[in-house]
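Content type mmCIF, N, CA and C atoms and all ligand atoms, from the file data-v9.cif:
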```
data_work
#
loop_
_atom_site.label_atom_id
_atom_site.label_comp_id
_atom_site.auth_asym_id
_atom_site.auth_seq_id
_atom_site.Cartn_x
_atom_site.Cartn_y
_atom_site.Cartn_z
N MET B 862 48.63 38.11 141.72
CA MET B 862 48.00 38.12 140.39
C MET B 862 47.50 39.53 140.05
N LYS B 863 46.74 40.04 140.99
CA LYS B 863 46.22 41.38 140.77
C LYS B 863 47.37 42.40 140.68
N TYR B 864 48.36 42.15 141.54
CA TYR B 864 49.52 43.06 141.59
C TYR B 864 50.22 43.12 140.22
N SER B 865 50.45 41.90 139.66
CA SER B 865 51.20 41.90 138.40
C SER B 865 50.37 42.48 137.26
N ARG B 866 49.05 42.32 137.37
CA ARG B 866 48.23 42.95 136.32
C ARG B 866 48.35 44.48 136.38
N ASN B 867 48.42 44.96 137.62
CA ASN B 867 48.60 46.41 137.76
C ASN B 867 49.92 46.84 137.14
N ILE B 868 50.95 46.04 137.39
CA ILE B 868 52.26 46.38 136.84
C ILE B 868 52.17 46.42 135.31
N LEU B 869 51.50 45.39 134.78
CA LEU B 869 51.39 45.32 133.33
C LEU B 869 50.70 46.56 132.77
N SER B 870 49.60 46.93 133.41
CA SER B 870 48.90 48.09 132.85
C SER B 870 49.73 49.36 133.06
N PHE B 871 50.51 49.37 134.13
CA PHE B 871 51.39 50.53 134.32
C PHE B 871 52.40 50.61 133.18
N ILE B 872 52.97 49.43 132.85
CA ILE B 872 53.95 49.40 131.76
C ILE B 872 53.29 49.85 130.46
N ALA B 873 52.09 49.31 130.24
CA ALA B 873 51.39 49.66 128.99
C ALA B 873 51.18 51.16 128.92
N VAL B 874 50.77 51.75 130.03
CA VAL B 874 50.53 53.20 130.05
C VAL B 874 51.84 53.95 129.80
N SER B 875 52.92 53.45 130.41
CA SER B 875 54.21 54.11 130.22
C SER B 875 54.62 54.09 128.76
N VAL B 876 54.45 52.91 128.15
CA VAL B 876 54.83 52.78 126.74
C VAL B 876 54.01 53.75 125.90
N LEU B 877 52.71 53.81 126.21
CA LEU B 877 51.85 54.74 125.48
C LEU B 877 52.35 56.17 125.65
N ALA B 878 52.70 56.48 126.90
CA ALA B 878 53.15 57.85 127.17
C ALA B 878 54.41 58.16 126.37
N VAL B 879 55.32 57.19 126.33
CA VAL B 879 56.56 57.40 125.59
C VAL B 879 56.23 57.58 124.11
N ALA B 880 55.36 56.70 123.61
CA ALA B 880 55.01 56.78 122.20
C ALA B 880 54.40 58.14 121.88
N CYS B 881 53.50 58.58 122.77
CA CYS B 881 52.86 59.88 122.55
C CYS B 881 53.91 60.98 122.61
N GLY B 882 54.81 60.84 123.59
CA GLY B 882 55.84 61.86 123.74
C GLY B 882 56.64 62.02 122.47
N GLY B 883 57.04 60.88 121.90
CA GLY B 883 57.84 60.93 120.69
C GLY B 883 57.08 61.58 119.56
N LYS B 884 55.83 61.18 119.44
CA LYS B 884 55.00 61.71 118.37
C LYS B 884 54.82 63.22 118.53
N GLU B 885 54.60 63.59 119.79
CA GLU B 885 54.38 65.00 120.07
C GLU B 885 55.59 65.84 119.63
N THR B 886 56.78 65.31 119.91
CA THR B 886 58.00 66.03 119.55
C THR B 886 58.07 66.22 118.03
N GLU B 887 57.80 65.12 117.32
CA GLU B 887 57.83 65.22 115.86
C GLU B 887 56.85 66.27 115.37
N THR B 888 55.64 66.17 115.93
CA THR B 888 54.60 67.07 115.47
C THR B 888 54.98 68.52 115.73
N SER B 889 55.52 68.77 116.93
CA SER B 889 55.84 70.16 117.25
C SER B 889 56.97 70.66 116.36
N ASN B 890 57.88 69.74 115.97
CA ASN B 890 58.92 70.16 115.03
C ASN B 890 58.30 70.57 113.71
N ASP B 891 57.33 69.76 113.27
CA ASP B 891 56.70 70.06 111.99
C ASP B 891 55.96 71.39 112.05
N GLN B 892 55.38 71.67 113.23
CA GLN B 892 54.54 72.85 113.31
C GLN B 892 55.33 74.13 113.51
N THR B 893 56.58 74.00 113.91
CA THR B 893 57.36 75.22 114.15
C THR B 893 58.63 75.20 113.30
N PRO B 894 58.47 75.32 112.00
CA PRO B 894 59.66 75.28 111.14
C PRO B 894 60.55 76.50 111.31
N SER B 895 60.00 77.56 111.86
CA SER B 895 60.79 78.78 111.97
C SER B 895 61.65 78.78 113.23
N ALA B 896 61.28 77.90 114.19
CA ALA B 896 62.06 77.86 115.42
C ALA B 896 63.44 77.28 115.14
N PRO B 897 64.49 77.96 115.54
CA PRO B 897 65.83 77.41 115.31
C PRO B 897 66.06 76.20 116.21
N SER B 898 66.41 75.08 115.65
CA SER B 898 66.67 73.90 116.46
C SER B 898 68.16 73.59 116.40
N ALA B 899 68.78 73.69 117.55
CA ALA B 899 70.24 73.59 117.60
C ALA B 899 70.72 72.19 117.27
N THR B 900 70.06 71.17 117.81
CA THR B 900 70.58 69.81 117.66
C THR B 900 70.21 69.21 116.31
N ALA B 901 68.93 69.29 115.96
CA ALA B 901 68.51 68.67 114.70
C ALA B 901 68.96 69.50 113.51
N GLY B 902 69.42 70.71 113.78
CA GLY B 902 69.62 71.66 112.71
C GLY B 902 70.81 71.43 111.81
N THR B 903 71.89 70.87 112.31
CA THR B 903 73.14 70.91 111.56
C THR B 903 73.00 70.46 110.11
N SER B 904 72.39 69.29 109.90
CA SER B 904 72.29 68.87 108.51
C SER B 904 70.88 69.12 107.97
N ALA B 905 69.87 68.94 108.81
CA ALA B 905 68.51 68.99 108.31
C ALA B 905 68.07 70.41 107.95
N SER B 906 68.28 71.34 108.86
CA SER B 906 67.72 72.67 108.61
C SER B 906 68.80 73.72 108.42
N GLY B 907 70.03 73.28 108.22
CA GLY B 907 71.10 74.22 107.92
C GLY B 907 70.90 74.75 106.51
N PRO B 908 71.80 75.61 106.06
CA PRO B 908 71.70 76.11 104.69
C PRO B 908 72.09 75.01 103.71
N VAL B 909 71.13 74.21 103.34
CA VAL B 909 71.42 73.05 102.51
C VAL B 909 71.70 73.49 101.07
N ALA B 910 72.84 73.09 100.59
CA ALA B 910 73.22 73.45 99.23
C ALA B 910 72.54 72.53 98.22
N THR B 911 72.29 73.03 97.06
CA THR B 911 71.73 72.21 96.00
C THR B 911 72.77 71.18 95.56
N PRO B 912 72.42 69.89 95.59
CA PRO B 912 73.41 68.87 95.22
C PRO B 912 73.92 69.07 93.79
N THR B 913 75.23 68.95 93.63
CA THR B 913 75.81 69.06 92.29
C THR B 913 75.96 67.70 91.64
N GLY B 914 75.88 66.63 92.46
CA GLY B 914 76.10 65.29 91.93
C GLY B 914 77.57 64.92 91.87
N LYS B 915 78.43 65.85 92.24
CA LYS B 915 79.87 65.55 92.18
C LYS B 915 80.36 64.96 93.49
N ILE B 916 81.14 63.90 93.39
CA ILE B 916 81.71 63.24 94.57
C ILE B 916 83.22 63.37 94.54
N VAL B 917 83.77 63.91 95.60
CA VAL B 917 85.22 64.08 95.70
C VAL B 917 85.73 63.04 96.70
N VAL B 918 86.55 62.11 96.21
CA VAL B 918 87.04 61.03 97.06
C VAL B 918 88.34 61.45 97.74
N VAL B 919 88.39 61.25 99.04
CA VAL B 919 89.60 61.51 99.83
C VAL B 919 89.96 60.23 100.58
N GLU B 920 91.14 59.72 100.30
CA GLU B 920 91.57 58.47 100.93
C GLU B 920 92.17 58.72 102.30
N LEU B 921 91.98 57.75 103.19
CA LEU B 921 92.63 57.77 104.49
C LEU B 921 93.61 56.61 104.51
N ASN B 922 94.87 56.92 104.77
CA ASN B 922 95.93 55.93 104.61
C ASN B 922 96.82 55.81 105.83
N SER B 923 97.28 54.58 106.07
CA SER B 923 98.42 54.31 106.96
C SER B 923 99.34 53.40 106.18
N ASP B 924 100.51 53.88 105.85
CA ASP B 924 101.47 53.02 105.16
C ASP B 924 102.88 53.52 105.43
N ALA B 925 103.82 53.10 104.61
CA ALA B 925 105.22 53.44 104.84
C ALA B 925 105.45 54.95 104.84
N GLN B 926 104.54 55.68 104.16
CA GLN B 926 104.70 57.14 104.14
C GLN B 926 104.13 57.81 105.38
N GLY B 927 103.44 57.04 106.20
CA GLY B 927 102.86 57.61 107.41
C GLY B 927 101.35 57.51 107.40
N ASN B 928 100.73 58.41 108.14
CA ASN B 928 99.27 58.48 108.21
C ASN B 928 98.84 59.77 107.54
N TYR B 929 97.98 59.66 106.53
CA TYR B 929 97.69 60.86 105.76
C TYR B 929 96.37 60.76 104.98
N PHE B 930 95.83 61.96 104.72
CA PHE B 930 94.70 62.09 103.80
C PHE B 930 95.27 62.27 102.40
N LYS B 931 94.60 61.75 101.41
CA LYS B 931 95.04 61.91 100.03
C LYS B 931 93.84 62.17 99.14
N PRO B 932 93.70 63.36 98.59
CA PRO B 932 94.55 64.52 98.80
C PRO B 932 94.30 65.15 100.17
N ALA B 933 95.28 65.92 100.64
CA ALA B 933 95.14 66.59 101.93
C ALA B 933 94.69 68.03 101.74
N ASN B 934 94.84 68.54 100.53
CA ASN B 934 94.40 69.91 100.22
C ASN B 934 93.67 69.88 98.90
N PHE B 935 92.42 70.30 98.94
CA PHE B 935 91.62 70.19 97.72
C PHE B 935 90.48 71.21 97.78
N GLU B 936 89.83 71.33 96.65
CA GLU B 936 88.71 72.27 96.53
C GLU B 936 87.42 71.50 96.27
N VAL B 937 86.33 72.03 96.78
CA VAL B 937 85.00 71.49 96.46
C VAL B 937 84.08 72.68 96.23
N HIS B 938 82.93 72.37 95.70
CA HIS B 938 81.89 73.38 95.57
C HIS B 938 80.73 73.00 96.48
N ARG B 939 80.02 74.02 96.89
CA ARG B 939 78.82 73.75 97.69
C ARG B 939 77.92 72.80 96.93
N GLY B 940 77.42 71.78 97.64
CA GLY B 940 76.55 70.80 97.00
C GLY B 940 77.29 69.54 96.56
N ASP B 941 78.64 69.60 96.53
CA ASP B 941 79.41 68.38 96.29
C ASP B 941 79.31 67.47 97.51
N ILE B 942 79.80 66.25 97.33
CA ILE B 942 79.93 65.34 98.47
C ILE B 942 81.40 64.97 98.62
N ILE B 943 81.92 65.10 99.82
CA ILE B 943 83.27 64.60 100.10
C ILE B 943 83.12 63.17 100.60
N ARG B 944 83.73 62.26 99.89
CA ARG B 944 83.63 60.84 100.27
C ARG B 944 84.96 60.38 100.85
N PHE B 945 85.08 60.45 102.19
CA PHE B 945 86.26 59.93 102.86
C PHE B 945 86.23 58.41 102.78
N THR B 946 87.31 57.83 102.28
CA THR B 946 87.34 56.39 102.00
C THR B 946 88.56 55.77 102.67
N LEU B 947 88.32 54.80 103.55
CA LEU B 947 89.42 54.17 104.28
C LEU B 947 90.21 53.23 103.37
N LYS B 948 91.50 53.50 103.26
CA LYS B 948 92.36 52.59 102.49
C LYS B 948 93.10 51.66 103.44
N SER B 949 93.70 52.23 104.48
CA SER B 949 94.42 51.39 105.44
C SER B 949 94.51 52.12 106.77
N GLY B 950 94.61 51.34 107.83
CA GLY B 950 94.69 51.92 109.16
C GLY B 950 93.31 52.17 109.75
N VAL B 951 93.30 52.92 110.83
CA VAL B 951 92.06 53.28 111.53
C VAL B 951 92.10 54.79 111.72
N HIS B 952 91.09 55.46 111.22
CA HIS B 952 91.13 56.92 111.20
C HIS B 952 89.75 57.51 111.49
N SER B 953 89.78 58.79 111.81
CA SER B 953 88.54 59.54 111.96
C SER B 953 88.65 60.81 111.12
N VAL B 954 87.52 61.48 110.99
CA VAL B 954 87.49 62.77 110.29
C VAL B 954 86.85 63.77 111.22
N HIS B 955 87.58 64.82 111.52
CA HIS B 955 87.10 65.79 112.51
C HIS B 955 87.37 67.21 112.00
N PHE B 956 86.28 67.93 111.71
CA PHE B 956 86.39 69.36 111.39
C PHE B 956 86.37 70.08 112.73
N LEU B 957 87.53 70.16 113.32
CA LEU B 957 87.69 70.66 114.68
C LEU B 957 87.20 72.12 114.78
N PRO B 958 86.19 72.38 115.62
CA PRO B 958 85.71 73.76 115.75
C PRO B 958 86.82 74.74 116.14
N ASP B 959 87.71 74.34 117.04
CA ASP B 959 88.79 75.24 117.48
C ASP B 959 89.71 75.63 116.33
N SER B 960 89.81 74.77 115.33
CA SER B 960 90.69 75.07 114.20
C SER B 960 89.93 75.69 113.03
N ASN B 961 88.63 75.88 113.23
CA ASN B 961 87.79 76.52 112.21
C ASN B 961 87.02 77.68 112.83
N PRO B 962 87.76 78.67 113.36
CA PRO B 962 87.09 79.75 114.09
C PRO B 962 86.12 80.52 113.19
N GLY B 963 84.95 80.78 113.74
CA GLY B 963 83.96 81.57 113.01
C GLY B 963 83.16 80.76 112.01
N LYS B 964 83.51 79.50 111.83
CA LYS B 964 82.78 78.68 110.86
C LYS B 964 81.57 78.02 111.54
N THR B 965 80.53 77.88 110.75
CA THR B 965 79.32 77.24 111.28
C THR B 965 78.97 76.04 110.42
N ASN B 966 78.05 75.23 110.95
CA ASN B 966 77.53 74.09 110.19
C ASN B 966 78.59 73.02 109.97
N LEU B 967 79.60 72.97 110.83
CA LEU B 967 80.65 71.95 110.69
C LEU B 967 80.04 70.56 110.89
N PRO B 968 80.47 69.58 110.10
CA PRO B 968 79.96 68.23 110.32
C PRO B 968 80.44 67.71 111.67
N PRO B 969 79.66 66.85 112.30
CA PRO B 969 80.09 66.30 113.60
C PRO B 969 81.29 65.38 113.41
N VAL B 970 82.07 65.22 114.49
CA VAL B 970 83.22 64.32 114.43
C VAL B 970 82.73 62.92 114.04
N SER B 971 83.48 62.25 113.19
CA SER B 971 83.05 60.94 112.71
C SER B 971 83.39 59.86 113.73
N ASP B 972 82.76 58.71 113.56
CA ASP B 972 83.23 57.51 114.24
C ASP B 972 84.55 57.11 113.59
N LEU B 973 85.24 56.19 114.24
CA LEU B 973 86.46 55.66 113.62
C LEU B 973 86.09 54.84 112.40
N LEU B 974 86.79 55.05 111.31
CA LEU B 974 86.65 54.20 110.13
C LEU B 974 87.67 53.09 110.28
N GLN B 975 87.25 51.86 110.19
CA GLN B 975 88.14 50.74 110.47
C GLN B 975 88.14 49.68 109.38
N LEU B 976 87.12 49.65 108.55
CA LEU B 976 87.02 48.59 107.54
C LEU B 976 87.51 49.12 106.20
N PRO B 977 88.40 48.37 105.55
CA PRO B 977 88.89 48.82 104.24
C PRO B 977 87.73 49.15 103.30
N ASN B 978 87.86 50.27 102.64
CA ASN B 978 86.85 50.78 101.70
C ASN B 978 85.59 51.31 102.38
N GLN B 979 85.60 51.34 103.70
CA GLN B 979 84.51 52.00 104.42
C GLN B 979 84.50 53.47 104.03
N THR B 980 83.31 54.01 103.84
CA THR B 980 83.24 55.41 103.40
C THR B 980 82.44 56.26 104.37
N LEU B 981 82.74 57.53 104.34
CA LEU B 981 82.00 58.52 105.10
C LEU B 981 81.69 59.67 104.14
N ASP B 982 80.43 59.86 103.86
CA ASP B 982 80.04 60.93 102.94
C ASP B 982 79.70 62.19 103.72
N ILE B 983 80.30 63.29 103.35
CA ILE B 983 79.98 64.57 103.96
C ILE B 983 79.47 65.51 102.88
N PRO B 984 78.17 65.78 102.88
CA PRO B 984 77.64 66.75 101.91
C PRO B 984 78.17 68.14 102.25
N VAL B 985 78.59 68.85 101.24
CA VAL B 985 79.21 70.16 101.48
C VAL B 985 78.12 71.23 101.59
N ASN B 986 77.69 71.44 102.82
CA ASN B 986 76.71 72.49 103.10
C ASN B 986 77.38 73.65 103.83
N LEU B 987 78.66 73.79 103.60
CA LEU B 987 79.44 74.81 104.29
C LEU B 987 79.48 76.08 103.47
N ALA B 988 79.58 77.18 104.17
CA ALA B 988 79.75 78.46 103.48
C ALA B 988 81.12 78.47 102.79
N PRO B 989 81.24 79.23 101.72
CA PRO B 989 82.54 79.32 101.06
C PRO B 989 83.64 79.72 102.05
N GLY B 990 84.81 79.15 101.86
CA GLY B 990 85.91 79.44 102.76
C GLY B 990 86.82 78.23 102.88
N LYS B 991 87.85 78.38 103.70
CA LYS B 991 88.82 77.31 103.87
C LYS B 991 88.58 76.63 105.21
N TYR B 992 88.54 75.32 105.17
CA TYR B 992 88.23 74.55 106.37
C TYR B 992 89.35 73.57 106.68
N PHE B 993 89.58 73.39 107.96
CA PHE B 993 90.60 72.46 108.45
C PHE B 993 89.92 71.18 108.92
N PHE B 994 90.55 70.06 108.65
CA PHE B 994 90.07 68.80 109.25
C PHE B 994 91.26 67.95 109.64
N GLN B 995 91.04 67.04 110.53
CA GLN B 995 92.12 66.17 111.00
C GLN B 995 91.57 64.80 111.33
N CYS B 996 92.50 63.87 111.47
CA CYS B 996 92.19 62.55 112.03
C CYS B 996 92.59 62.63 113.49
N ASP B 997 91.65 62.41 114.38
CA ASP B 997 91.97 62.57 115.81
C ASP B 997 93.11 61.66 116.29
N PRO B 998 93.09 60.35 115.96
CA PRO B 998 94.19 59.50 116.46
C PRO B 998 95.56 59.91 115.92
N HIS B 999 95.60 60.56 114.75
CA HIS B 999 96.90 60.84 114.13
C HIS B 999 97.16 62.33 113.91
N ALA B 1000 96.39 63.18 114.56
CA ALA B 1000 96.57 64.63 114.35
C ALA B 1000 97.99 65.04 114.76
N ALA B 1001 98.46 64.50 115.87
CA ALA B 1001 99.79 64.85 116.35
C ALA B 1001 100.88 64.36 115.40
N LEU B 1002 100.53 63.39 114.56
CA LEU B 1002 101.48 62.86 113.58
C LEU B 1002 101.33 63.57 112.24
N GLY B 1003 100.47 64.58 112.22
CA GLY B 1003 100.35 65.39 111.02
C GLY B 1003 99.25 64.97 110.07
N MET B 1004 98.35 64.09 110.53
CA MET B 1004 97.27 63.67 109.63
C MET B 1004 96.16 64.73 109.68
N MET B 1005 96.27 65.68 108.76
CA MET B 1005 95.32 66.78 108.70
C MET B 1005 95.22 67.26 107.27
N GLY B 1006 94.22 68.08 107.02
CA GLY B 1006 94.06 68.58 105.66
C GLY B 1006 93.23 69.85 105.65
N HIS B 1007 93.15 70.44 104.46
CA HIS B 1007 92.34 71.64 104.28
C HIS B 1007 91.48 71.46 103.04
N VAL B 1008 90.25 71.91 103.15
CA VAL B 1008 89.38 71.93 101.99
C VAL B 1008 88.88 73.35 101.76
N GLU B 1009 89.01 73.77 100.53
CA GLU B 1009 88.54 75.10 100.15
C GLU B 1009 87.15 74.93 99.54
N VAL B 1010 86.16 75.53 100.18
CA VAL B 1010 84.79 75.44 99.68
C VAL B 1010 84.50 76.66 98.82
N GLU B 1011 84.06 76.41 97.60
CA GLU B 1011 83.69 77.50 96.70
C GLU B 1011 82.20 77.46 96.45
N GLN B 1012 81.70 78.60 96.09
CA GLN B 1012 80.25 78.74 95.89
C GLN B 1012 79.78 77.80 94.78
CU CU L 1 94.43 58.65 111.16
#
```
Would you kindly transcribe this structure into structure tokens?
Amino acid sequence: MKYSRNILSFIAVSVLAVACGGKETETSNDQTPSAPSATAGTSASGPVATPTGKIVVVELNSDAQGNYFKPANFEVHRGDIIRFTLKSGVHSVHFLPDSNPGKTNLPPVSDLLQLPNQTLDIPVNLAPGKYFFQCDPHAALGMMGHVEVEQ
């Protein structure tokens, strides 16, 4: 009886410690806005573009024509949103770092999109330039595209 009570209070203390730990991390983030944070930084503290309100839809397809993005080559402006929309098949969206040398702030590789009309919104916080993206399962089959980001 006494033993299990000790266990309980140990657990309670651990939970408290975890809770405090989490809070502490948040607080220290708030207190050091100038510190570069590699992990949290990509979308939160990157060079966030002013939203334009424009949404550019790009379909992901598997059909008789093959596996492809539609359009596969297009232009956006900083602050637009690219809305990848699954039409058919199972696809991912990957701005492969190796194929975008020197580029920063690339969006992380997406999960697989599997449900028809499932969407993936990517806010365009990229510096002006041309960017490559691909679908990982179908890259070898030519499922890739380029987006030109303009100021
Ligand atoms: Cu694909």
**Item:** Nearest to ligand CU 1 (chain L), chosen from B:Tyr929, B:Phe956, B:Phe935, B:Phe993, with all atoms listed in the file counted in the distances
**Value:**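 Of B:Tyr929, B:Phe956, B:Phe935, B:Phe993, the one nearest ligand CU 1 (chain L), counting all atoms listed in the file, is B:Tyr929.
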With the cut-off set at 5 Å and counting only N, CA and C atoms and all ligand atoms, tabulate each residue of chain B with an atom at most that distance from an atom of ligand CU 1 (chain L), showing the nearest atom pair and its distance in Å to one decimal, ordered by chain and increasing number, as JSON lines.
```
{"residue": "B:Val951", "atom": "C", "partner": "L:CU1", "partner_atom": "CU", "distance": 4.5}
{"residue": "B:His952", "atom": "CA", "partner": "L:CU1", "partner_atom": "CU", "distance": 3.7}
{"residue": "B:Ser953", "atom": "N", "partner": "L:CU1", "partner_atom": "CU", "distance": 4.7}
{"residue": "B:Cys996", "atom": "CA", "partner": "L:CU1", "partner_atom": "CU", "distance": 4.6}
{"residue": "B:His999", "atom": "N", "partner": "L:CU1", "partner_atom": "CU", "distance": 4.2}
```
**Request:** Kindly give the distance, in Å, that separates atom CA of B:Pro977 and atom C of B:Ser949, rounded to a single decimal.
**Result:** 7.0 Å
**Complete:** Separating atom CA of B:Val909 from atom CA of B:Asp959, to the nearest tenth of an Å, is a gap of 23.0 Å
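Our summary of the geometry notes that atom N of B:Tyr992 is positioned 21.8 Å from atom CA of B:Leu974.
All residues of protein, DNA or RNA that reach within 7 Å of B:Gly914, judged by only N, CA and C atoms and not counting those fewer than 6 positions away in the chain, are Gly940, Asp941 and Ile942 of chain B.
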**Asked** Which of these, B:Leu921, B:Lys931, B:Phe945, B:His938, has the shortest distance to B:Leu981 once you count only C-alpha atoms?
**Response**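 Closest to B:Leu981, using only C-alpha atoms: B:Phe945.
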